[in-house]
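Participant: Sending over protein13.csv (CSV, C-alpha atoms).
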chain,number,residue,atom,x,y,z
B,235,MET,CA,-57.1,-59.9,-78.4
B,236,ALA,CA,-53.6,-58.5,-78.3
B,237,ALA,CA,-52.4,-56.6,-81.3
B,238,ALA,CA,-50.2,-58.6,-83.7
B,239,GLY,CA,-46.6,-58.4,-82.6
B,240,GLY,CA,-47.6,-56.8,-79.3
B,241,ALA,CA,-45.8,-57.8,-76.1
B,242,PRO,CA,-47.4,-58.4,-72.8
B,243,GLN,CA,-47.5,-55.1,-70.7
B,244,SER,CA,-46.4,-56.5,-67.3
B,245,PHE,CA,-43.8,-58.9,-66.1
B,246,ALA,CA,-42.8,-59.9,-62.6
B,247,GLN,CA,-39.5,-58.0,-62.0
B,248,ALA,CA,-36.6,-60.2,-61.0
B,249,PRO,CA,-35.3,-59.4,-57.5
B,250,ALA,CA,-32.3,-57.1,-57.6
B,251,LEU,CA,-29.0,-58.8,-56.7
B,252,PRO,CA,-27.3,-57.3,-53.7
B,253,ALA,CA,-24.2,-55.3,-54.6
B,254,PRO,CA,-20.9,-57.0,-53.7
B,255,TYR,CA,-19.4,-55.8,-50.4
B,256,PRO,CA,-18.1,-53.2,-50.2
B,257,SER,CA,-19.6,-51.2,-53.0
B,258,ARG,CA,-19.0,-47.8,-51.4
B,259,PRO,CA,-16.6,-46.3,-48.8
B,260,VAL,CA,-16.6,-47.8,-45.2
B,261,ARG,CA,-16.5,-45.6,-42.2
B,262,PHE,CA,-14.0,-46.7,-39.5
B,263,ILE,CA,-14.8,-44.9,-36.2
B,264,VAL,CA,-11.9,-44.3,-33.8
B,265,PRO,CA,-12.9,-43.0,-30.4
B,266,PHE,CA,-9.7,-41.0,-29.9
B,267,PRO,CA,-8.1,-38.0,-31.6
B,268,PRO,CA,-5.8,-38.3,-34.7
B,269,GLY,CA,-2.2,-39.1,-34.1
B,270,GLY,CA,-2.2,-41.5,-31.2
B,271,GLY,CA,-1.8,-45.3,-31.1
B,272,ASN,CA,-5.5,-46.0,-31.7
B,273,ASP,CA,-5.5,-43.8,-34.8
B,274,THR,CA,-2.3,-45.4,-36.1
B,275,MET,CA,-3.8,-48.9,-35.7
B,276,ALA,CA,-7.0,-48.0,-37.5
B,277,ARG,CA,-5.2,-46.3,-40.4
B,278,THR,CA,-2.8,-49.2,-40.7
B,279,ILE,CA,-5.5,-51.8,-40.9
B,280,GLY,CA,-7.9,-49.6,-42.8
B,281,ASN,CA,-5.3,-49.1,-45.6
B,282,GLN,CA,-4.8,-52.8,-45.9
B,283,LEU,CA,-8.6,-53.4,-46.1
B,284,ALA,CA,-9.0,-50.7,-48.7
B,285,ALA,CA,-6.3,-52.3,-50.9
B,286,ALA,CA,-7.7,-55.8,-50.5
B,287,LEU,CA,-11.4,-54.9,-51.0
B,288,GLY,CA,-11.2,-52.0,-53.5
B,289,GLN,CA,-13.0,-49.4,-51.4
B,290,GLN,CA,-11.9,-46.6,-49.1
B,291,PHE,CA,-11.9,-47.2,-45.4
B,292,VAL,CA,-12.3,-43.7,-44.0
B,293,VAL,CA,-11.1,-43.1,-40.4
B,294,ASP,CA,-13.7,-41.0,-38.5
B,295,ASN,CA,-12.2,-39.7,-35.3
B,296,ARG,CA,-14.8,-39.3,-32.6
B,297,PRO,CA,-12.9,-38.4,-29.4
B,298,GLY,CA,-14.4,-37.7,-26.0
B,299,ALA,CA,-15.3,-39.1,-22.6
B,300,GLY,CA,-12.5,-41.7,-22.7
B,301,GLY,CA,-13.8,-43.4,-25.8
B,302,LEU,CA,-17.5,-43.4,-24.9
B,303,ILE,CA,-18.7,-41.0,-27.6
B,304,GLY,CA,-17.2,-43.0,-30.4
B,305,ALA,CA,-18.4,-46.3,-29.0
B,306,GLU,CA,-22.0,-45.0,-28.7
B,307,THR,CA,-21.9,-43.7,-32.3
B,308,ALA,CA,-20.7,-47.1,-33.6
B,309,ALA,CA,-23.1,-49.1,-31.5
B,310,HIS,CA,-26.1,-47.3,-33.0
B,311,ALA,CA,-25.0,-47.3,-36.6
B,312,VAL,CA,-26.8,-49.2,-39.3
B,313,PRO,CA,-25.5,-52.8,-39.2
B,314,ASP,CA,-24.7,-53.1,-42.9
B,315,GLY,CA,-20.9,-53.5,-42.9
B,316,TYR,CA,-20.3,-49.8,-43.7
B,317,THR,CA,-19.5,-48.8,-40.2
B,318,LEU,CA,-16.7,-50.4,-38.2
B,319,PHE,CA,-15.3,-49.5,-34.8
B,320,LEU,CA,-11.8,-49.6,-33.3
B,321,GLY,CA,-12.5,-51.0,-29.8
B,322,GLY,CA,-10.1,-51.5,-27.0
B,323,VAL,CA,-9.8,-52.1,-23.3
B,324,ALA,CA,-11.4,-48.7,-22.5
B,325,SER,CA,-14.5,-49.1,-24.6
B,326,HIS,CA,-15.0,-52.9,-24.0
B,327,GLY,CA,-13.4,-53.5,-20.6
B,328,ILE,CA,-13.2,-50.5,-18.4
B,329,LEU,CA,-16.0,-48.0,-19.3
B,330,PRO,CA,-18.8,-50.5,-19.0
B,331,ASN,CA,-17.7,-51.2,-15.4
B,332,LEU,CA,-16.9,-47.6,-14.5
B,333,GLN,CA,-19.7,-45.5,-16.0
B,334,PRO,CA,-23.1,-46.1,-14.3
B,335,LYS,CA,-25.1,-44.9,-17.4
B,336,LEU,CA,-23.5,-46.1,-20.6
B,337,GLY,CA,-25.2,-45.5,-23.9
B,338,TYR,CA,-24.3,-49.0,-25.3
B,339,ASP,CA,-23.9,-52.6,-24.2
B,340,PRO,CA,-20.3,-53.8,-25.0
B,341,VAL,CA,-21.6,-57.3,-25.8
B,342,LYS,CA,-25.1,-57.0,-27.1
B,343,ASP,CA,-24.5,-53.9,-29.3
B,344,PHE,CA,-21.5,-55.1,-31.2
B,345,SER,CA,-20.4,-58.0,-33.5
B,346,PRO,CA,-16.7,-58.7,-32.9
B,347,VAL,CA,-14.6,-59.0,-36.1
B,348,SER,CA,-11.0,-59.5,-35.0
B,349,LEU,CA,-8.5,-58.6,-32.4
B,350,ILE,CA,-5.6,-56.9,-34.2
B,351,ALA,CA,-2.9,-56.1,-31.7
B,352,ALA,CA,-2.0,-56.1,-28.0
B,353,ALA,CA,0.3,-53.5,-26.4
B,354,PRO,CA,1.9,-54.3,-23.0
B,355,LEU,CA,2.7,-51.6,-20.5
B,356,ILE,CA,6.1,-51.2,-18.8
B,357,LEU,CA,6.6,-50.7,-15.1
B,358,VAL,CA,9.2,-48.0,-14.5
B,359,VAL,CA,10.5,-46.3,-11.3
B,360,HIS,CA,12.4,-43.1,-10.7
B,361,PRO,CA,16.2,-43.9,-10.3
B,362,ALA,CA,16.0,-42.5,-6.7
B,363,VAL,CA,13.8,-45.5,-5.7
B,364,PRO,CA,16.2,-48.1,-4.3
B,365,VAL,CA,14.8,-51.1,-6.1
B,366,ARG,CA,16.0,-53.0,-9.2
B,367,SER,CA,13.4,-55.7,-9.5
B,368,VAL,CA,9.7,-56.3,-9.0
B,369,LYS,CA,10.4,-58.4,-5.9
B,370,GLU,CA,12.4,-55.6,-4.4
B,371,LEU,CA,9.6,-53.1,-5.2
B,372,VAL,CA,7.1,-55.3,-3.4
B,373,GLN,CA,9.4,-55.6,-0.4
B,374,PHE,CA,10.0,-51.9,-0.4
B,375,ALA,CA,6.3,-51.0,-0.7
B,376,LYS,CA,5.4,-53.3,2.1
B,377,ALA,CA,8.1,-51.8,4.3
B,378,LYS,CA,6.7,-48.3,3.6
B,379,PRO,CA,2.9,-48.7,3.2
B,380,GLY,CA,1.3,-45.6,1.7
B,381,GLN,CA,4.6,-43.8,1.1
B,382,LEU,CA,5.1,-44.7,-2.6
B,383,ASN,CA,3.1,-42.7,-5.1
B,384,PHE,CA,2.3,-44.0,-8.6
B,385,ALA,CA,1.3,-41.7,-11.5
B,386,SER,CA,-1.4,-42.4,-14.1
B,387,ASN,CA,-2.7,-40.4,-17.1
B,388,GLY,CA,-6.2,-40.3,-15.6
B,389,THR,CA,-8.5,-42.1,-13.2
B,390,GLY,CA,-9.9,-45.3,-14.7
B,391,GLY,CA,-7.4,-45.5,-17.5
B,392,SER,CA,-5.3,-48.5,-18.4
B,393,SER,CA,-2.3,-47.1,-16.6
B,394,HIS,CA,-4.2,-46.6,-13.4
B,395,LEU,CA,-5.9,-50.0,-13.4
B,396,ALA,CA,-2.6,-51.8,-14.2
B,397,ALA,CA,-1.2,-50.4,-11.0
B,398,GLU,CA,-4.4,-51.2,-9.0
B,399,LEU,CA,-4.2,-54.8,-10.2
B,400,PHE,CA,-0.6,-54.9,-9.2
B,401,LYS,CA,-1.5,-53.6,-5.7
B,402,MET,CA,-4.2,-56.2,-5.3
B,403,MET,CA,-2.0,-59.1,-6.5
B,404,SER,CA,1.1,-58.1,-4.5
B,405,ALA,CA,-0.8,-57.0,-1.4
B,406,THR,CA,0.9,-53.6,-1.3
B,407,ASP,CA,-0.3,-50.1,-0.4
B,408,MET,CA,0.6,-47.4,-2.8
B,409,VAL,CA,-1.0,-44.0,-3.5
B,410,HIS,CA,-2.6,-43.1,-6.8
B,411,VAL,CA,-1.8,-39.7,-8.2
B,412,PRO,CA,-3.9,-39.1,-11.3
B,413,TYR,CA,-2.9,-36.6,-14.0
B,414,LYS,CA,-4.8,-35.1,-17.0
B,415,GLY,CA,-2.8,-36.9,-19.6
B,416,LEU,CA,0.6,-38.5,-20.0
B,417,SER,CA,2.7,-35.4,-20.4
B,418,PRO,CA,2.2,-33.9,-16.9
B,419,ALA,CA,2.4,-37.4,-15.4
B,420,LEU,CA,5.8,-38.0,-17.1
B,421,THR,CA,7.1,-34.6,-16.0
B,422,ASP,CA,6.5,-35.3,-12.3
B,423,LEU,CA,7.8,-38.9,-12.6
B,424,LEU,CA,11.0,-37.6,-14.2
B,425,SER,CA,11.4,-35.0,-11.4
B,426,GLY,CA,10.8,-37.6,-8.7
B,427,GLN,CA,7.5,-36.0,-7.4
B,428,VAL,CA,6.0,-39.5,-8.0
B,429,GLN,CA,8.0,-42.7,-7.8
B,430,LEU,CA,6.6,-45.1,-10.3
B,431,MET,CA,4.2,-45.6,-13.2
B,432,PHE,CA,2.8,-48.2,-15.6
B,433,SER,CA,2.7,-46.8,-19.1
B,434,SER,CA,3.1,-47.5,-22.7
B,435,THR,CA,6.5,-48.7,-23.9
B,436,VAL,CA,6.5,-46.2,-26.7
B,437,ALA,CA,6.3,-43.3,-24.2
B,438,MET,CA,8.8,-44.7,-21.7
B,439,LEU,CA,11.5,-46.3,-23.8
B,440,PRO,CA,13.3,-43.0,-24.7
B,441,GLN,CA,13.4,-42.2,-21.0
B,442,VAL,CA,14.6,-45.7,-20.1
B,443,ARG,CA,17.3,-45.6,-22.8
B,444,ALA,CA,18.5,-42.2,-21.6
B,445,GLY,CA,18.8,-43.5,-18.0
B,446,ARG,CA,16.2,-41.1,-16.6
B,447,LEU,CA,13.8,-44.0,-15.6
B,448,ARG,CA,14.5,-47.6,-14.5
B,449,PRO,CA,12.5,-50.4,-16.1
B,450,LEU,CA,11.4,-53.2,-13.9
B,451,ALA,CA,9.1,-55.4,-15.9
B,452,MET,CA,6.5,-55.7,-18.8
B,453,THR,CA,2.9,-56.4,-18.0
B,454,SER,CA,2.3,-58.9,-20.8
B,455,ALA,CA,2.2,-62.7,-20.4
B,456,LYS,CA,5.3,-63.1,-22.5
B,457,ARG,CA,8.4,-60.9,-22.9
B,458,SER,CA,8.2,-58.1,-25.4
B,459,ALA,CA,10.2,-58.1,-28.6
B,460,ALA,CA,10.9,-54.4,-27.8
B,461,MET,CA,12.8,-55.3,-24.6
B,462,PRO,CA,13.5,-59.1,-24.7
B,463,ASP,CA,15.8,-58.9,-21.7
B,464,LEU,CA,13.2,-57.3,-19.4
B,465,PRO,CA,11.1,-59.9,-17.5
B,466,THR,CA,7.4,-59.8,-17.2
B,467,VAL,CA,5.7,-58.8,-13.9
B,468,ALA,CA,4.5,-62.4,-13.5
B,469,GLU,CA,7.9,-64.0,-13.8
B,470,ALA,CA,9.6,-61.3,-11.8
B,471,GLY,CA,7.6,-61.6,-8.6
B,472,VAL,CA,3.8,-61.4,-9.0
B,473,PRO,CA,2.7,-64.8,-10.5
B,474,GLY,CA,-0.4,-64.6,-12.7
B,475,TYR,CA,-0.2,-60.9,-13.3
B,476,GLU,CA,-1.0,-59.8,-16.8
B,477,THR,CA,-2.6,-56.8,-18.4
B,478,VAL,CA,-2.3,-55.2,-21.9
B,479,SER,CA,-3.9,-52.5,-23.8
B,480,TRP,CA,-5.5,-54.0,-26.9
B,481,TYR,CA,-7.0,-53.0,-30.2
B,482,GLY,CA,-9.8,-54.8,-32.1
B,483,VAL,CA,-12.2,-54.2,-35.0
B,484,LEU,CA,-16.0,-54.5,-34.2
B,485,ALA,CA,-19.1,-53.8,-36.2
B,486,PRO,CA,-22.7,-52.9,-35.0
B,487,ALA,CA,-24.6,-56.0,-33.8
B,488,GLY,CA,-26.6,-57.6,-36.6
B,489,THR,CA,-23.9,-57.0,-39.3
B,490,PRO,CA,-24.3,-59.9,-41.7
B,491,LYS,CA,-22.0,-62.8,-40.9
B,492,PRO,CA,-20.5,-63.1,-44.4
B,493,ILE,CA,-19.3,-59.6,-44.1
B,494,ILE,CA,-17.8,-60.2,-40.6
B,495,ASP,CA,-16.1,-63.4,-41.9
B,496,ARG,CA,-14.6,-61.7,-44.9
B,497,LEU,CA,-13.3,-58.8,-42.9
B,498,ASN,CA,-11.8,-61.3,-40.4
B,499,ARG,CA,-10.0,-63.1,-43.2
B,500,GLU,CA,-8.5,-59.9,-44.6
B,501,ILE,CA,-7.4,-58.7,-41.2
B,502,ALA,CA,-5.8,-62.1,-40.4
B,503,ARG,CA,-3.8,-61.7,-43.7
B,504,ALA,CA,-2.9,-58.1,-43.0
B,505,VAL,CA,-1.5,-58.5,-39.5
B,506,GLN,CA,1.0,-61.0,-40.9
B,507,LEU,CA,2.4,-58.6,-43.5
B,508,PRO,CA,6.0,-57.5,-42.6
B,509,ASP,CA,5.3,-53.7,-43.0
B,510,VAL,CA,2.1,-54.0,-40.9
B,511,ARG,CA,3.9,-55.8,-38.2
B,512,GLU,CA,6.7,-53.3,-38.2
B,513,ARG,CA,4.3,-50.4,-38.0
B,514,MET,CA,2.5,-52.0,-35.0
B,515,MET,CA,5.7,-52.8,-33.2
B,516,SER,CA,6.8,-49.2,-33.6
B,517,GLU,CA,3.8,-48.3,-31.5
B,518,GLY,CA,4.8,-50.8,-28.8
B,519,ALA,CA,2.1,-53.3,-30.0
B,520,GLU,CA,2.3,-57.0,-30.8
B,521,PRO,CA,0.2,-58.1,-33.8
B,522,ALA,CA,-2.6,-60.4,-32.9
B,523,GLY,CA,-5.6,-61.9,-34.8
B,524,GLY,CA,-8.0,-64.8,-34.3
B,525,SER,CA,-11.6,-65.6,-35.0
B,526,PRO,CA,-14.6,-63.5,-34.2
B,527,ALA,CA,-15.6,-66.0,-31.5
B,528,GLU,CA,-12.2,-65.8,-29.9
B,529,PHE,CA,-12.4,-62.0,-29.9
B,530,ALA,CA,-15.9,-62.2,-28.3
B,531,ALA,CA,-14.5,-64.5,-25.5
B,532,HIS,CA,-11.6,-62.1,-25.0
B,533,ILE,CA,-14.0,-59.1,-24.5
B,534,LYS,CA,-16.0,-61.1,-21.9
B,535,ARG,CA,-12.9,-62.0,-20.0
B,536,GLU,CA,-11.8,-58.3,-19.9
B,537,LEU,CA,-15.2,-57.2,-18.6
B,538,VAL,CA,-15.0,-59.7,-15.7
B,539,ARG,CA,-11.3,-58.8,-14.9
B,540,TRP,CA,-11.8,-55.0,-14.8
B,541,SER,CA,-15.1,-55.3,-12.9
B,542,GLN,CA,-13.2,-57.1,-10.1
B,543,VAL,CA,-10.4,-54.5,-10.0
B,544,ILE,CA,-12.7,-51.5,-10.2
B,545,LYS,CA,-15.0,-52.8,-7.4
B,546,GLN,CA,-12.1,-53.9,-5.1
B,547,ALA,CA,-10.2,-50.6,-5.6
B,548,ARG,CA,-13.5,-48.6,-5.3
B,549,ILE,CA,-12.7,-46.6,-8.3
B,550,LYS,CA,-15.2,-43.9,-9.3
B,551,PRO,CA,-15.4,-41.9,-12.5
B,552,ASP,CA,-14.1,-38.3,-12.3
Go ahead and express the file in the form of C-alpha cells.

Facilitator:
Amino acid sequence: MAAAGGAPQSFAQAPALPAPYPSRPVRFIVPFPPGGGNDTMARTIGNQLAAALGQQFVVDNRPGAGGLIGAETAAHAVPDGYTLFLGGVASHGILPNLQPKLGYDPVKDFSPVSLIAAAPLILVVHPAVPVRSVKELVQFAKAKPGQLNFASNGTGGSSHLAAELFKMMSATDMVHVPYKGLSPALTDLLSGQVQLMFSSTVAMLPQVRAGRLRPLAMTSAKRSAAMPDLPTVAEAGVPGYETVSWYGVLAPAGTPKPIIDRLNREIARAVQLPDVRERMMSEGAEPAGGSPAEFAAHIKRELVRWSQVIKQARIKPD
C-alpha cells in the first residue's frame, strides 16, 4: 500500500513538441567564391529570410569544379531545413549533362523551394566586326564559315552554351575559344583577338557604354530593364532563342513540406521588396519567384535543353 500522501513513481512522458522552425542558424551553401553574383543573390535572400524568421542564415561558400562540390555537399546534408543550397543553371542544368560521374542527382536529391532570379546574357561584338544586328551577324557568319571566333569564360559554362545554342538555331559555323575566366576572355575580346561573346550584362555594360563593344541583343525571352531599347535574340533574327542564367533555392530531398512551403512564402515576399529588386537588378538579374512545383518543372526543362545542346555540339568536360 502506498504511503499516505505519496505520489505514483512513474508516468508516461508526454511527447516533446517539435521546436518551431527555425530554432537555430540555417546554413546556406553557395557553390562559388564570395563576391560574385551567386554570393550576392544568396546574401540578399538570406538576409531577408533571417529578418523574417528570426534566425541567422549563414552563407557557406563551397567553390570548386564549376559548382559540383557545393551541390554534392548540399545534396547529402540532413534534410531538416537547416541546410539550403543556391542552385543554378550550372548545378541543375549543365553539370548533370556534362560530367559522366556526378555525386548527386539534380532531381532526386533535392527539394526545390523557389526560383529567385533570372539573369539574361548579352551578345556583344568587337566594333571591327561589320554587323549591327543579329540578322547581319548570321549573314556574315554564313558568308565566312569557321572564320568568326567567339570567347567564353570556360568550356561548358553558360557563356559557351549560349553561343552553341545560337550556332545550332542559326545554322552558323563559328569557332569556340575558351578562357580560364572572364577577365582574359574580355581582354582578348576588347583587343579584337576574338570577335564576339555572350556574357553577363553586368560585365559587359561598362564596355558597351564606353563604345568599346557593340551590343546586338539580349538572350532573354523579354527585353531587359537594363537595356530596354536592345532587342532579344529571338525578335532580332533567331526565333525561339532564349537562355538565361538563373538562381534558385533548394533543400536536400526529404526536407519537410511545411518548411519548404514556409520558405517559399518568405522568398515570394522578399523578391517583391524594392531594395531586393534593386540589388538583384544591379547584378543584371530580374527577380523571379513561383511555387516549388513550378521551380521543379523549370529544372526538368533546363536538363532537357542543355542535354540536347551538349550532345549536338559534342562538348566534353575539360

Participant: For Ser386 in chain B, list every protein, DNA or RNA residue within 8 Å, evaluated using only C-alpha atoms, and leave out those in the same chain fewer than 5 positions away; present the list as an NGL selection string.

Facilitator: :B and (391 or 393-394 or 410-413 or 415-416 or 419 or 431-433)

Participant: Could the residues of range 321-435 of chain B that have an atom at most 12 Å from range 505-508 of chain B be listed as JSON lines, each with its closest atom pair and the distance in Å to one decimal, counting all atoms listed in the file and ordered by chain and ascending residue number?

Facilitator:
{"residue": "B:Ser348", "atom": "CA", "partner": "B:Val505", "partner_atom": "CA", "distance": 10.6}
{"residue": "B:Leu349", "atom": "CA", "partner": "B:Val505", "partner_atom": "CA", "distance": 10.0}
{"residue": "B:Ile350", "atom": "CA", "partner": "B:Val505", "partner_atom": "CA", "distance": 6.9}
{"residue": "B:Ala351", "atom": "CA", "partner": "B:Val505", "partner_atom": "CA", "distance": 8.3}
{"residue": "B:Ala352", "atom": "CA", "partner": "B:Val505", "partner_atom": "CA", "distance": 11.8}

Participant: Please write the residues from the selection above to a file, keeping C-alpha atoms, as a PDB file, in the coordinates of the input.

Facilitator:
ATOM      1  CA  SER B 348     -11.000 -59.500 -35.000  1.00  0.00           C
ATOM      2  CA  LEU B 349      -8.500 -58.600 -32.400  1.00  0.00           C
ATOM      3  CA  ILE B 350      -5.600 -56.900 -34.200  1.00  0.00           C
ATOM      4  CA  ALA B 351      -2.900 -56.100 -31.700  1.00  0.00           C
ATOM      5  CA  ALA B 352      -2.000 -56.100 -28.000  1.00  0.00           C
TER       6      ALA B 352
END

Participant: Excluding range 340-343 of chain B and its own-chain neighbours fewer than 3 positions away, which residues fall within 6 Å of it when counting all atoms listed in the file? Please give them as a PDB file with C-alpha atoms, in the frame of the given file.

Facilitator:
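Contents of result36.pdb, as written:
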ATOM      1  CA  ALA B 309     -23.100 -49.100 -31.500  1.00  0.00           C
ATOM      2  CA  HIS B 326     -15.000 -52.900 -24.000  1.00  0.00           C
ATOM      3  CA  ALA B 487     -24.600 -56.000 -33.800  1.00  0.00           C
TER       4      ALA B 487
END

Participant: Grab the CA of Lys456 in chain B to CA of Ile549 in chain B distance for me, in Å with one decimal place.

Facilitator: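 Atom-to-atom, CA of Lys456 in chain B and CA of Ile549 in chain B are spaced 28.2 Å apart.
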
Participant: Distance CA of Gln542 in chain B-CA of Met438 in chain B, one decimal place?

Facilitator: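 Distance between the two atoms: 27.8 Å.
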
Participant: Select, counting all atoms listed in the file, all protein, DNA and RNA residues no farther than 10 Å from (-1.4, -55.8, -8.7) in file coordinates, and express the selection as a ChimeraX atom specification.

Facilitator: /B:395-406,467,472,474-477,543

Participant: Measuring between all atoms listed in the file, which one of B:Leu424, B:Leu371, B:Ala437, B:Leu464 shows the shortest distance to Pro449 in chain B?

Facilitator: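 Answer, going by the shortest atom-to-atom distance: B:Leu464.
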
Participant: Measure the distance from CA of Pro462 in chain B to CA of Gly518 in chain B in Å and round it to one decimal.

Facilitator: 12.7 Å

Participant: Need the shell around range 278-285 of chain B: protein/DNA/RNA residues with any atom at most 8 Å away, counting all atoms listed in the file. Skip same-chain ones fewer than 6 positions apart. Format as a list of chain:residue names?

Facilitator: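 Answer for this query is B:Phe262, B:Phe291, B:Val292, B:Val293, B:Leu497, B:Glu500, B:Ile501, B:Ala504, B:Val505, B:Val510, B:Arg513.
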
Participant: Counting all atoms listed in the file, figure out which residue out of B:Ile494, B:Ala530, B:Val365, B:Ala470 gets nearest to Pro256 in chain B.

Facilitator: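 That would be B:Ile494, the residue with the smallest distance to Pro256 in chain B.
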
Participant: My list of candidates is B:Ala385, B:His360, B:Ser392, B:Val372. Which is closest to Ser425 in chain B when distances are computed with all atoms listed in the file?

Facilitator: B:His360

Participant: For range 514-517 of chain B, work out the shell of residues within 8 Å, counting all atoms listed in the file and skipping chain neighbours fewer than 2 positions away, then give it as a ChimeraX atom specification.

Facilitator: /B:271,275,351,436,460,510-512,519-521

Participant: Taking only C-alpha atoms into account, which of B:Ser367, B:Gln429, B:Thr489, B:Gln381 comes nearest Ala468 in chain B?

Facilitator: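 Looking only at the distances to Ala468 in chain B, the closest residue turns out to be B:Ser367.
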